[in-house]
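Dumped input09.csv below, it's CSV, C-alpha atoms and all ligand atoms:
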```
chain,number,residue,atom,x,y,z
A,1,MET,CA,-13.2,5.6,-12.2
A,2,GLY,CA,-9.9,5.4,-14.0
A,3,LYS,CA,-11.3,5.0,-17.5
A,4,ASP,CA,-9.3,6.0,-20.6
A,5,GLU,CA,-10.4,5.4,-24.2
A,6,SER,CA,-8.3,2.4,-25.1
A,7,ARG,CA,-9.0,0.0,-22.4
A,8,ALA,CA,-11.8,-1.4,-20.2
A,9,SER,CA,-12.6,0.5,-17.0
A,10,ASP,CA,-11.3,-0.7,-13.7
A,11,ASN,CA,-14.7,-2.0,-12.8
A,12,THR,CA,-14.8,-4.2,-15.8
A,13,VAL,CA,-11.2,-5.4,-15.5
A,14,LEU,CA,-11.9,-6.4,-11.8
A,15,VAL,CA,-15.2,-8.2,-12.2
A,16,HIS,CA,-14.8,-9.8,-15.6
A,17,ASP,CA,-12.5,-12.8,-15.3
A,18,GLU,CA,-11.7,-14.7,-18.4
A,19,ARG,CA,-13.4,-18.1,-18.7
A,20,HIS,CA,-11.2,-20.6,-17.0
A,21,ASP,CA,-11.0,-24.3,-17.2
A,22,LYS,CA,-14.5,-25.9,-17.6
A,23,GLY,CA,-16.1,-22.5,-17.8
A,24,ALA,CA,-15.2,-21.5,-14.2
A,25,VAL,CA,-15.8,-17.8,-13.5
A,26,VAL,CA,-13.2,-17.8,-10.8
A,27,PRO,CA,-9.6,-18.8,-11.5
A,28,PRO,CA,-8.7,-22.2,-10.1
A,29,ILE,CA,-6.4,-22.3,-7.1
A,30,TYR,CA,-3.3,-24.2,-8.3
A,31,GLN,CA,-2.4,-25.8,-5.0
A,32,SER,CA,0.7,-27.4,-6.4
A,33,SER,CA,4.3,-26.7,-5.4
A,34,ILE,CA,5.8,-28.0,-8.7
A,35,PHE,CA,4.7,-28.2,-12.3
A,36,THR,CA,6.2,-31.0,-14.4
A,37,PHE,CA,7.3,-30.9,-18.0
A,38,GLU,CA,6.1,-32.9,-21.0
A,39,SER,CA,9.6,-33.5,-22.4
A,40,TYR,CA,13.2,-32.9,-21.9
A,41,GLN,CA,13.2,-30.1,-24.5
A,42,ALA,CA,10.2,-28.4,-22.7
A,43,MET,CA,12.3,-28.3,-19.5
A,44,VAL,CA,15.4,-27.0,-21.2
A,45,ASP,CA,13.3,-24.3,-22.9
A,46,ARG,CA,11.9,-23.2,-19.6
A,47,PHE,CA,15.3,-23.1,-17.9
A,48,ARG,CA,16.8,-21.1,-20.7
A,49,GLY,CA,13.9,-18.6,-20.4
A,50,VAL,CA,12.4,-19.4,-23.8
A,51,SER,CA,9.1,-20.6,-22.4
A,52,THR,CA,7.1,-19.3,-19.4
A,53,GLN,CA,5.6,-22.6,-18.2
A,54,PRO,CA,5.4,-22.5,-14.4
A,55,VAL,CA,8.2,-24.5,-12.6
A,56,TYR,CA,7.9,-24.1,-8.8
A,57,SER,CA,5.6,-22.1,-6.7
A,58,ARG,CA,8.4,-20.2,-5.0
A,59,VAL,CA,9.1,-18.7,-8.4
A,60,ASP,CA,5.8,-18.7,-10.2
A,61,ASN,CA,2.2,-20.0,-9.8
A,62,PRO,CA,-0.7,-19.8,-12.3
A,63,THR,CA,-3.2,-18.4,-9.7
A,64,VAL,CA,-0.7,-15.8,-8.7
A,65,SER,CA,-0.1,-14.9,-12.4
A,66,VAL,CA,-3.8,-14.1,-12.8
A,67,LEU,CA,-3.5,-11.7,-9.9
A,68,LEU,CA,-0.3,-10.1,-11.4
A,69,ASP,CA,-2.0,-9.6,-14.7
A,70,LYS,CA,-4.9,-7.8,-13.1
A,71,MET,CA,-2.6,-5.6,-11.1
A,72,CYS,CA,-0.7,-4.6,-14.3
A,73,GLN,CA,-4.0,-3.6,-15.9
A,74,LEU,CA,-5.1,-1.6,-12.9
A,75,GLU,CA,-1.9,0.2,-12.3
A,76,ARG,CA,-1.0,0.5,-16.1
A,77,GLY,CA,2.2,-1.4,-15.3
A,78,GLU,CA,4.3,-3.5,-17.6
A,79,ALA,CA,5.1,-6.2,-15.0
A,80,ALA,CA,4.3,-7.2,-11.4
A,81,ALA,CA,5.5,-9.4,-8.6
A,82,ALA,CA,3.7,-10.8,-5.6
A,83,PHE,CA,4.9,-11.3,-2.0
A,84,SER,CA,3.9,-12.8,1.3
A,85,SER,CA,3.5,-9.3,2.8
A,86,GLY,CA,3.6,-5.6,1.9
A,87,ILE,CA,6.9,-5.2,3.7
A,88,ALA,CA,8.4,-8.1,1.7
A,89,ALA,CA,7.4,-6.2,-1.5
A,90,ILE,CA,9.2,-3.2,-0.1
A,91,SER,CA,12.3,-5.0,1.1
A,92,ASN,CA,12.7,-6.9,-2.2
A,93,ALA,CA,12.2,-3.7,-4.2
A,94,ILE,CA,14.9,-1.9,-2.1
A,95,LEU,CA,17.4,-4.7,-1.4
A,96,GLY,CA,17.3,-5.9,-5.0
A,97,GLN,CA,18.5,-2.5,-6.2
A,98,VAL,CA,21.1,-1.3,-3.8
A,99,LYS,CA,24.6,-2.2,-2.9
A,100,ALA,CA,27.0,-1.1,-0.1
A,101,GLY,CA,27.8,2.6,-0.4
A,102,ASP,CA,24.5,3.5,-2.1
A,103,ARG,CA,22.2,6.2,-0.8
A,104,ILE,CA,18.4,6.3,-0.7
A,105,VAL,CA,16.3,9.4,-0.6
A,106,CYS,CA,13.1,8.8,1.4
A,107,VAL,CA,10.2,11.0,2.4
A,108,LYS,CA,9.5,11.5,6.0
A,109,HIS,CA,6.4,9.8,7.5
A,110,VAL,CA,6.9,6.5,5.7
A,111,TYR,CA,5.3,3.4,7.2
A,112,PRO,CA,7.1,2.7,10.5
A,113,ASP,CA,8.5,-0.7,9.4
A,114,THR,CA,9.8,0.7,6.1
A,115,TYR,CA,11.6,3.2,8.3
A,116,ARG,CA,13.0,0.4,10.4
A,117,LEU,CA,14.1,-1.5,7.3
A,118,LEU,CA,16.0,1.5,6.1
A,119,LYS,CA,17.5,2.5,9.4
A,120,GLY,CA,18.2,-1.1,10.4
A,121,ILE,CA,19.1,-3.7,7.8
A,122,CYS,CA,19.9,-1.3,5.0
A,123,ALA,CA,22.2,0.8,7.2
A,124,ARG,CA,23.8,-2.4,8.5
A,125,PHE,CA,24.8,-3.3,5.0
A,126,GLY,CA,26.2,0.1,4.2
A,127,VAL,CA,23.2,1.7,2.5
A,128,THR,CA,22.3,5.1,3.9
A,129,THR,CA,19.1,7.0,3.7
A,130,ASP,CA,18.3,10.8,3.7
A,131,PHE,CA,14.8,11.4,5.1
A,132,ILE,CA,13.4,14.6,3.5
A,133,ASP,CA,10.1,16.5,3.8
A,134,GLY,CA,8.1,15.2,0.9
A,135,ARG,CA,6.6,18.7,0.3
A,136,ASP,CA,10.0,20.3,-0.2
A,137,LEU,CA,10.8,19.7,-3.9
A,138,SER,CA,14.0,21.7,-3.9
A,139,ALA,CA,15.4,19.7,-0.9
A,140,ILE,CA,14.4,16.4,-2.7
A,141,LYS,CA,16.1,17.6,-5.9
A,142,GLU,CA,19.3,18.5,-4.1
A,143,SER,CA,19.4,15.2,-2.3
A,144,LEU,CA,18.7,13.1,-5.5
A,145,SER,CA,22.1,14.0,-6.9
A,146,GLY,CA,24.2,10.8,-6.7
A,147,ALA,CA,21.4,8.8,-5.0
A,148,LYS,CA,20.2,5.3,-6.0
A,149,LEU,CA,16.5,5.3,-5.1
A,150,LEU,CA,13.8,7.7,-4.4
A,151,TYR,CA,11.3,6.2,-2.0
A,152,LEU,CA,7.8,7.9,-1.6
A,153,GLU,CA,4.6,7.1,0.2
A,154,SER,CA,1.6,9.3,-0.8
A,155,PRO,CA,-0.5,10.0,1.1
A,156,CYS,CA,1.9,9.1,3.9
A,157,THR,CA,1.5,7.4,7.3
A,158,TRP,CA,0.0,9.3,10.3
A,159,LEU,CA,-0.4,12.7,8.6
A,160,MET,CA,-1.8,11.7,5.2
A,161,GLN,CA,0.3,14.3,3.4
A,162,GLU,CA,0.5,14.0,-0.4
A,163,GLN,CA,3.6,14.4,-2.5
A,164,ASP,CA,3.7,15.9,-6.0
A,165,LEU,CA,4.3,12.5,-7.7
A,166,ALA,CA,4.5,13.9,-11.3
A,167,ALA,CA,7.2,16.4,-10.2
A,168,MET,CA,9.0,13.7,-8.1
A,169,ALA,CA,9.1,11.4,-11.1
A,170,LYS,CA,10.6,14.1,-13.3
A,171,LEU,CA,13.3,14.9,-10.7
A,172,ALA,CA,14.1,11.3,-10.3
A,173,GLN,CA,14.4,10.7,-14.1
A,174,ALA,CA,16.6,13.8,-14.5
A,175,ALA,CA,18.9,12.5,-11.8
A,176,GLY,CA,18.9,8.9,-13.1
A,177,VAL,CA,17.3,7.6,-9.9
A,178,THR,CA,14.7,4.9,-9.7
A,179,SER,CA,11.4,6.1,-8.0
A,180,ILE,CA,9.2,3.9,-5.9
A,181,VAL,CA,5.8,4.9,-4.4
A,182,ASP,CA,3.9,3.1,-1.6
A,183,ASN,CA,0.4,3.3,-3.0
A,184,SER,CA,-1.4,1.4,-0.3
A,185,TRP,CA,-3.4,4.3,1.0
A,186,ALA,CA,-5.1,5.1,-2.3
A,187,SER,CA,-5.3,1.6,-3.8
A,188,PRO,CA,-4.9,1.2,-7.6
A,189,ILE,CA,-8.4,2.5,-8.0
A,190,LEU,CA,-7.8,6.0,-6.7
A,191,GLN,CA,-4.2,6.7,-7.8
A,192,LYS,CA,-2.0,5.4,-10.6
A,193,PRO,CA,1.5,6.8,-10.0
A,194,LEU,CA,3.1,4.8,-13.0
A,195,GLN,CA,1.0,7.1,-15.3
A,196,VAL,CA,3.1,10.1,-14.3
A,197,GLY,CA,6.4,8.4,-14.7
A,198,ILE,CA,7.0,6.7,-11.3
A,199,ASP,CA,9.0,3.5,-11.9
A,200,LEU,CA,7.6,1.1,-9.3
A,201,VAL,CA,4.5,1.0,-7.1
A,202,VAL,CA,4.2,-1.1,-4.0
A,203,HIS,CA,1.1,-2.2,-2.2
A,204,SER,CA,0.4,-3.7,1.1
A,205,ALA,CA,-2.3,-6.0,-0.3
A,206,SER,CA,-3.2,-6.8,3.3
A,207,LYS,CA,-5.2,-3.5,3.3
A,208,TYR,CA,-7.8,-2.6,0.6
A,209,ILE,CA,-6.9,-5.2,-2.0
A,210,SER,CA,-7.7,-8.0,0.4
A,211,GLY,CA,-10.4,-5.9,2.0
A,212,HIS,CA,-11.5,-8.6,4.4
A,213,SER,CA,-8.8,-8.6,7.0
A,214,ASP,CA,-7.9,-12.3,6.2
A,215,VAL,CA,-4.7,-12.0,4.2
A,216,VAL,CA,-1.2,-10.5,4.6
A,217,ALA,CA,0.3,-9.9,1.2
A,218,GLY,CA,2.3,-7.5,-0.9
A,219,LEU,CA,2.5,-6.5,-4.6
A,220,LEU,CA,5.0,-4.7,-6.8
A,221,VAL,CA,4.0,-3.2,-10.2
A,222,GLY,CA,6.0,-1.2,-12.7
A,223,ARG,CA,8.7,-1.2,-15.3
A,224,LYS,CA,9.4,-4.6,-16.8
A,225,SER,CA,13.2,-4.1,-16.9
A,226,ILE,CA,13.3,-3.5,-13.2
A,227,ILE,CA,10.9,-6.3,-12.2
A,228,ASP,CA,12.5,-8.8,-14.6
A,229,LYS,CA,15.8,-8.1,-12.9
A,230,LEU,CA,14.4,-8.5,-9.4
A,231,LYS,CA,12.8,-11.8,-10.4
A,232,LEU,CA,16.2,-13.0,-11.8
A,233,GLU,CA,18.5,-11.8,-9.0
A,234,THR,CA,16.5,-11.2,-5.9
A,235,THR,CA,12.9,-12.5,-5.2
A,236,PRO,CA,13.7,-16.2,-5.7
A,237,TYR,CA,16.5,-16.0,-3.1
A,238,LEU,CA,14.7,-13.9,-0.5
A,239,GLY,CA,11.8,-16.4,-0.9
A,240,ALA,CA,8.9,-14.3,0.4
A,241,LYS,CA,6.4,-15.7,-2.2
A,242,LEU,CA,2.6,-15.4,-2.2
A,243,SER,CA,0.6,-18.6,-1.9
A,244,ALA,CA,-2.1,-19.6,-4.5
A,245,GLN,CA,-4.8,-19.6,-1.8
A,246,GLU,CA,-4.0,-16.0,-0.8
A,247,ALA,CA,-3.7,-14.9,-4.4
A,248,SER,CA,-7.3,-16.3,-4.9
A,249,LEU,CA,-8.5,-14.3,-1.8
A,250,LEU,CA,-6.9,-11.1,-3.2
A,251,LEU,CA,-8.6,-11.7,-6.6
A,252,ARG,CA,-11.9,-12.0,-4.7
A,253,GLY,CA,-11.1,-8.8,-2.8
A,254,LEU,CA,-10.3,-6.9,-6.0
A,255,ARG,CA,-13.8,-7.6,-7.5
A,256,THR,CA,-15.5,-5.3,-4.9
A,257,LEU,CA,-12.6,-2.9,-4.5
A,258,PRO,CA,-14.2,0.1,-6.3
A,259,LEU,CA,-17.5,-0.4,-4.4
A,260,ARG,CA,-15.7,-0.6,-1.1
A,261,MET,CA,-13.6,2.5,-1.8
A,262,GLN,CA,-16.7,4.5,-2.6
A,263,ARG,CA,-18.3,3.5,0.7
A,264,HIS,CA,-15.1,4.1,2.7
A,265,GLN,CA,-14.7,7.5,1.0
A,266,GLU,CA,-18.3,8.7,1.8
A,267,SER,CA,-18.3,7.5,5.4
A,268,ALA,CA,-14.8,8.8,6.2
A,269,LEU,CA,-15.4,12.2,4.6
A,270,LEU,CA,-18.7,12.6,6.6
A,271,ILE,CA,-16.9,11.7,9.9
A,272,ALA,CA,-13.8,13.8,9.1
A,273,ARG,CA,-15.9,16.9,8.4
A,274,ARG,CA,-17.9,16.5,11.6
A,275,LEU,CA,-14.7,15.9,13.6
A,276,ALA,CA,-13.2,19.1,12.1
A,277,GLU,CA,-16.2,20.9,13.7
A,278,HIS,CA,-15.9,19.2,17.1
A,279,PRO,CA,-14.7,21.5,19.9
A,280,ALA,CA,-12.3,18.8,21.3
A,281,VAL,CA,-10.6,18.3,18.0
A,282,LEU,CA,-7.5,20.4,17.2
A,283,ARG,CA,-6.8,19.2,13.6
A,284,VAL,CA,-8.0,16.7,11.1
A,285,HIS,CA,-5.5,15.2,8.7
A,286,HIS,CA,-7.5,14.0,5.7
A,287,PRO,CA,-6.4,14.8,2.1
A,288,GLY,CA,-10.0,15.6,1.1
A,289,LEU,CA,-10.4,18.4,3.5
A,290,ALA,CA,-7.6,20.6,2.0
A,291,PRO,CA,-6.8,19.1,-1.5
A,292,SER,CA,-3.5,20.0,-3.1
A,293,ASP,CA,-3.5,21.2,-6.7
A,294,TYR,CA,-1.0,18.5,-7.7
A,295,SER,CA,-3.0,15.6,-6.2
A,296,LEU,CA,-3.4,12.5,-8.4
A,297,LEU,CA,-6.1,11.1,-6.1
A,298,GLN,CA,-9.4,10.4,-7.8
A,299,GLY,CA,-11.1,10.0,-4.5
A,300,TYR,CA,-10.4,9.1,-0.9
A,301,GLY,CA,-10.3,6.0,1.2
A,302,GLY,CA,-11.3,5.4,4.9
A,303,LEU,CA,-8.0,6.2,6.6
A,304,PHE,CA,-7.2,9.6,8.2
A,305,SER,CA,-6.1,11.0,11.5
A,306,PHE,CA,-7.1,13.7,14.0
A,307,GLU,CA,-5.6,15.4,17.0
A,308,VAL,CA,-7.5,15.9,20.2
A,309,ASP,CA,-7.0,18.6,22.8
A,310,SER,CA,-5.4,17.9,26.2
A,311,ALA,CA,-8.9,17.7,27.9
A,312,ILE,CA,-9.5,14.4,26.3
A,313,ASP,CA,-8.2,11.3,28.1
A,314,ILE,CA,-7.1,9.2,25.1
A,315,PRO,CA,-7.1,5.8,26.9
A,316,ALA,CA,-10.6,6.5,28.2
A,317,PHE,CA,-11.7,7.7,24.8
A,318,CYS,CA,-10.4,4.5,23.2
A,319,ASN,CA,-11.9,2.2,25.9
A,320,SER,CA,-15.4,3.7,25.6
A,321,LEU,CA,-15.8,3.1,21.8
A,322,SER,CA,-17.7,0.0,20.9
A,323,LEU,CA,-17.8,0.0,17.0
A,324,PHE,CA,-14.2,1.3,16.5
A,325,ARG,CA,-11.8,-1.4,17.7
A,326,LEU,CA,-8.3,-0.8,18.8
A,327,GLY,CA,-6.0,-2.4,16.2
A,328,VAL,CA,-3.1,-1.9,13.8
A,329,SER,CA,-3.6,-2.1,10.0
A,330,TRP,CA,-6.7,-1.0,8.1
A,331,GLY,CA,-8.4,-1.6,4.8
A,332,GLY,CA,-10.8,-4.4,5.8
A,333,HIS,CA,-14.5,-4.3,6.5
A,334,GLU,CA,-14.2,-3.2,10.1
A,335,SER,CA,-13.6,0.2,11.7
A,336,LEU,CA,-10.4,0.6,13.7
A,337,LEU,CA,-8.4,3.2,15.6
A,338,MET,CA,-4.8,3.5,16.5
A,339,PRO,CA,-3.5,6.1,19.0
A,340,ALA,CA,-0.1,7.5,18.0
A,341,GLU,CA,1.1,7.4,21.6
A,342,VAL,CA,1.1,3.6,21.5
A,343,SER,CA,3.4,3.8,18.5
A,344,ILE,CA,5.6,6.4,20.1
A,345,ASN,CA,6.1,4.0,23.1
A,346,GLN,CA,6.7,0.9,20.9
A,347,ALA,CA,9.7,-1.1,21.9
A,348,GLY,CA,12.9,-1.2,19.8
A,349,GLU,CA,15.2,1.1,18.0
A,350,HIS,CA,14.2,3.6,15.2
A,351,SER,CA,10.7,4.6,16.0
A,352,ALA,CA,9.3,6.6,13.0
A,353,ALA,CA,6.7,8.2,15.2
A,354,VAL,CA,9.4,9.5,17.6
A,355,ASP,CA,12.0,10.5,15.0
A,356,PHE,CA,9.4,12.3,12.8
A,357,GLY,CA,7.9,14.1,15.8
A,358,ILE,CA,4.3,12.7,15.7
A,359,SER,CA,2.1,14.3,18.3
A,360,PRO,CA,0.9,12.0,21.2
A,361,ARG,CA,-2.5,13.7,20.8
A,362,LEU,CA,-2.9,12.1,17.3
A,363,ILE,CA,-5.3,9.3,16.7
A,364,ARG,CA,-5.6,7.4,13.4
A,365,LEU,CA,-9.0,6.3,12.4
A,366,PHE,CA,-10.0,3.7,9.8
A,367,VAL,CA,-13.6,4.1,8.8
A,368,GLY,CA,-15.0,0.7,7.8
A,369,LEU,CA,-18.2,-0.4,6.1
A,370,GLU,CA,-20.5,-0.1,9.1
A,371,ASP,CA,-23.3,2.4,9.1
A,372,PRO,CA,-21.7,5.9,9.1
A,373,GLU,CA,-24.2,7.5,11.5
A,374,GLU,CA,-23.7,4.7,14.0
A,375,LEU,CA,-19.9,5.1,13.7
A,376,TRP,CA,-20.3,8.8,14.3
A,377,ASN,CA,-22.5,8.2,17.3
A,378,ASP,CA,-19.9,5.8,18.7
A,379,LEU,CA,-17.3,8.6,18.5
A,380,LEU,CA,-19.6,11.3,19.9
A,381,GLY,CA,-20.3,9.0,22.9
A,382,ALA,CA,-16.6,8.4,23.5
A,383,PHE,CA,-16.0,12.2,23.4
A,384,SER,CA,-18.7,12.7,26.0
A,385,ARG,CA,-17.2,10.0,28.3
A,386,ALA,CA,-13.5,10.8,27.9
B,1,LIG,C1,0.6,-2.0,6.3
B,1,LIG,C2,1.5,-1.2,5.4
B,1,LIG,C3,2.7,-1.7,4.9
B,1,LIG,C4,3.2,-3.1,5.2
B,1,LIG,O1,2.4,-4.1,4.7
B,1,LIG,P1,2.3,-5.5,5.4
B,1,LIG,O2,1.3,-6.2,4.4
B,1,LIG,O3,1.7,-5.4,6.7
B,1,LIG,O4,3.6,-6.1,5.4
B,1,LIG,C5,3.4,-0.9,4.1
B,1,LIG,N1,3.0,0.3,3.8
B,1,LIG,C6,1.9,0.9,4.3
B,1,LIG,C7,1.5,2.3,3.9
B,1,LIG,C8,1.1,0.1,5.1
B,1,LIG,O5,0.0,0.7,5.7
```

Take the structure in this file and express it as structure tokens.
Amino acid sequence: MGKDESRASDNTVLVHDERHDKGAVVPPIYQSSIFTFESYQAMVDRFRGVSTQPVYSRVDNPTVSVLLDKMCQLERGEAAAAFSSGIAAISNAILGQVKAGDRIVCVKHVYPDTYRLLKGICARFGVTTDFIDGRDLSAIKESLSGAKLLYLESPCTWLMQEQDLAAMAKLAQAAGVTSIVDNSWASPILQKPLQVGIDLVVHSASKYISGHSDVVAGLLVGRKSIIDKLKLETTPYLGAKLSAQEASLLLRGLRTLPLRMQRHQESALLIARRLAEHPAVLRVHHPGLAPSDYSLLQGYGGLFSFEVDSAIDIPAFCNSLSLFRLGVSWGGHESLLMPAEVSINQAGEHSAAVDFGISPRLIRLFVGLEDPEELWNDLLGAFSRA
């Protein structure tokens, strides 16, 4: 997957760590807040930006740097930054680039907390957002005129719709607008938006990159000029840094990412195809069931959704599952489900599920690494009892 002539394949990049101190095959965890200097001159050089010696773990840490280097190789990016959560990567990328009076163009069906960031904090500081259907290129083009950022998420939350990322990148470039894609669904293994001219990619590394449901983290990869500016003006002052321990866990997760994606893909496609045939299922939203001709995806993960007819009692359906657990998030080892109705009824202003008109009959499924036939039997049993 993801091989081109001039570089090692993703599999090799992920598994083959350089030899570290004393021949260690795993990078050391630099559990140190500060890094001292050998001389006055060495300190001066670092502060003037002449050297890159680490200073302080709010700003840089050698374990985190190993992770950033791997992410650049995977995403074909020039530079990267790491954060304490996916939403911190998103908020730093957005807040670091806008000022009062700016306008953002964002596709509909973005991650609900991204929506709340844009409708809440951003709006409060005088930055407005137009939410446009990501499949309507002419509406996007029209809205981009005079905008500051184009924010995409492909495939998107709840409905897993893809956007034409190559066309979007072209439109953004023509309008002088910086483009950002949330690439969490695909992971860097299955989609590389920077290769078609997108400026920045964000990941909730809490999902597939961690892969073991034990880390909350975020990553930003893309153009060096933009990331350097963010590191100079924004990220040290918002302070949402990644710890060395968690960077190490993400490096561990990355080693098996291609293997896990393969298994998620096979199991999820099997279940999605069977659901599409089930009499109680109205629709299945999985990008692999009706692929678009512009898709950049080189495969599919484990996350998709489906809508059930009104004869199914959704709470009873959820309660009678034993392998699929009720829970937010996804990307770990374990199978999960999330009914849209719970999100529709979530407390607080600016509900993306309500504002974008998500059906209360929708259920999101994350197919984990369990045996796929046993997962299918779990769902079949729940249908018969609901
Ligand atoms: C989970 C998620 C986020 C937020 O990431 P956190 O690590 O939970 O902060 C952003 N985008 C998408 C698509 C997600 O699924």

| Contact residues around region 256-265 of chain A with only C-alpha atoms at 9 Å, ignoring same-chain residues under 2 positions, as JSON, numbers by chain | {"A": [1, 10, 11, 14, 15, 186, 187, 189, 190, 208, 209, 210, 211, 252, 253, 254, 267, 268, 269, 270, 299, 300, 301, 302, 303, 333, 366, 367, 368, 369]}

Next, the residues of the selection above should be written as a PDB file, in the frame of the given file with C-alpha atoms.
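Wrote out_1.pdb, looks like this:
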```
ATOM      1  CA  MET A   1     -13.200   5.600 -12.200  1.00  0.00           C
ATOM      2  CA  ASP A  10     -11.300  -0.700 -13.700  1.00  0.00           C
ATOM      3  CA  ASN A  11     -14.700  -2.000 -12.800  1.00  0.00           C
ATOM      4  CA  LEU A  14     -11.900  -6.400 -11.800  1.00  0.00           C
ATOM      5  CA  VAL A  15     -15.200  -8.200 -12.200  1.00  0.00           C
ATOM      6  CA  ALA A 186      -5.100   5.100  -2.300  1.00  0.00           C
ATOM      7  CA  SER A 187      -5.300   1.600  -3.800  1.00  0.00           C
ATOM      8  CA  ILE A 189      -8.400   2.500  -8.000  1.00  0.00           C
ATOM      9  CA  LEU A 190      -7.800   6.000  -6.700  1.00  0.00           C
ATOM     10  CA  TYR A 208      -7.800  -2.600   0.600  1.00  0.00           C
ATOM     11  CA  ILE A 209      -6.900  -5.200  -2.000  1.00  0.00           C
ATOM     12  CA  SER A 210      -7.700  -8.000   0.400  1.00  0.00           C
ATOM     13  CA  GLY A 211     -10.400  -5.900   2.000  1.00  0.00           C
ATOM     14  CA  ARG A 252     -11.900 -12.000  -4.700  1.00  0.00           C
ATOM     15  CA  GLY A 253     -11.100  -8.800  -2.800  1.00  0.00           C
ATOM     16  CA  LEU A 254     -10.300  -6.900  -6.000  1.00  0.00           C
ATOM     17  CA  SER A 267     -18.300   7.500   5.400  1.00  0.00           C
ATOM     18  CA  ALA A 268     -14.800   8.800   6.200  1.00  0.00           C
ATOM     19  CA  LEU A 269     -15.400  12.200   4.600  1.00  0.00           C
ATOM     20  CA  LEU A 270     -18.700  12.600   6.600  1.00  0.00           C
ATOM     21  CA  GLY A 299     -11.100  10.000  -4.500  1.00  0.00           C
ATOM     22  CA  TYR A 300     -10.400   9.100  -0.900  1.00  0.00           C
ATOM     23  CA  GLY A 301     -10.300   6.000   1.200  1.00  0.00           C
ATOM     24  CA  GLY A 302     -11.300   5.400   4.900  1.00  0.00           C
ATOM     25  CA  LEU A 303      -8.000   6.200   6.600  1.00  0.00           C
ATOM     26  CA  HIS A 333     -14.500  -4.300   6.500  1.00  0.00           C
ATOM     27  CA  PHE A 366     -10.000   3.700   9.800  1.00  0.00           C
ATOM     28  CA  VAL A 367     -13.600   4.100   8.800  1.00  0.00           C
ATOM     29  CA  GLY A 368     -15.000   0.700   7.800  1.00  0.00           C
ATOM     30  CA  LEU A 369     -18.200  -0.400   6.100  1.00  0.00           C
TER      31      LEU A 369
END
```

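Take CA of Ser204 (chain A) and CA of Asn183 (chain A): the distance between them is 8.1 Å.
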
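Considering only C-alpha atoms and all ligand atoms, every residue of the polymer chains approaching ligand LIG 1 (chain B) to 6 Å or closer is listed here: Ser85, Gly86, Ile87, Tyr111, Ser184, Ser204, Ala205, Ser206, Val216, Ala217, Gly218 and Ser329 of chain A.
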
| field | Non-local contacts of region 154-171 of chain A (6 Å; all atoms listed in the file; under 6 positions in same chain excluded) as a ChimeraX atom specification | value | /A:109-111,134-135,196-198,285,294

| said: Between A:Ala93, A:Gly49, A:Leu365, A:Arg255, which residue has the minimum interatomic distance to Asp182 (chain A), considering only C-alpha atoms? | reply: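 Using only C-alpha atoms, Asp182 (chain A) sits closest to A:Ala93.
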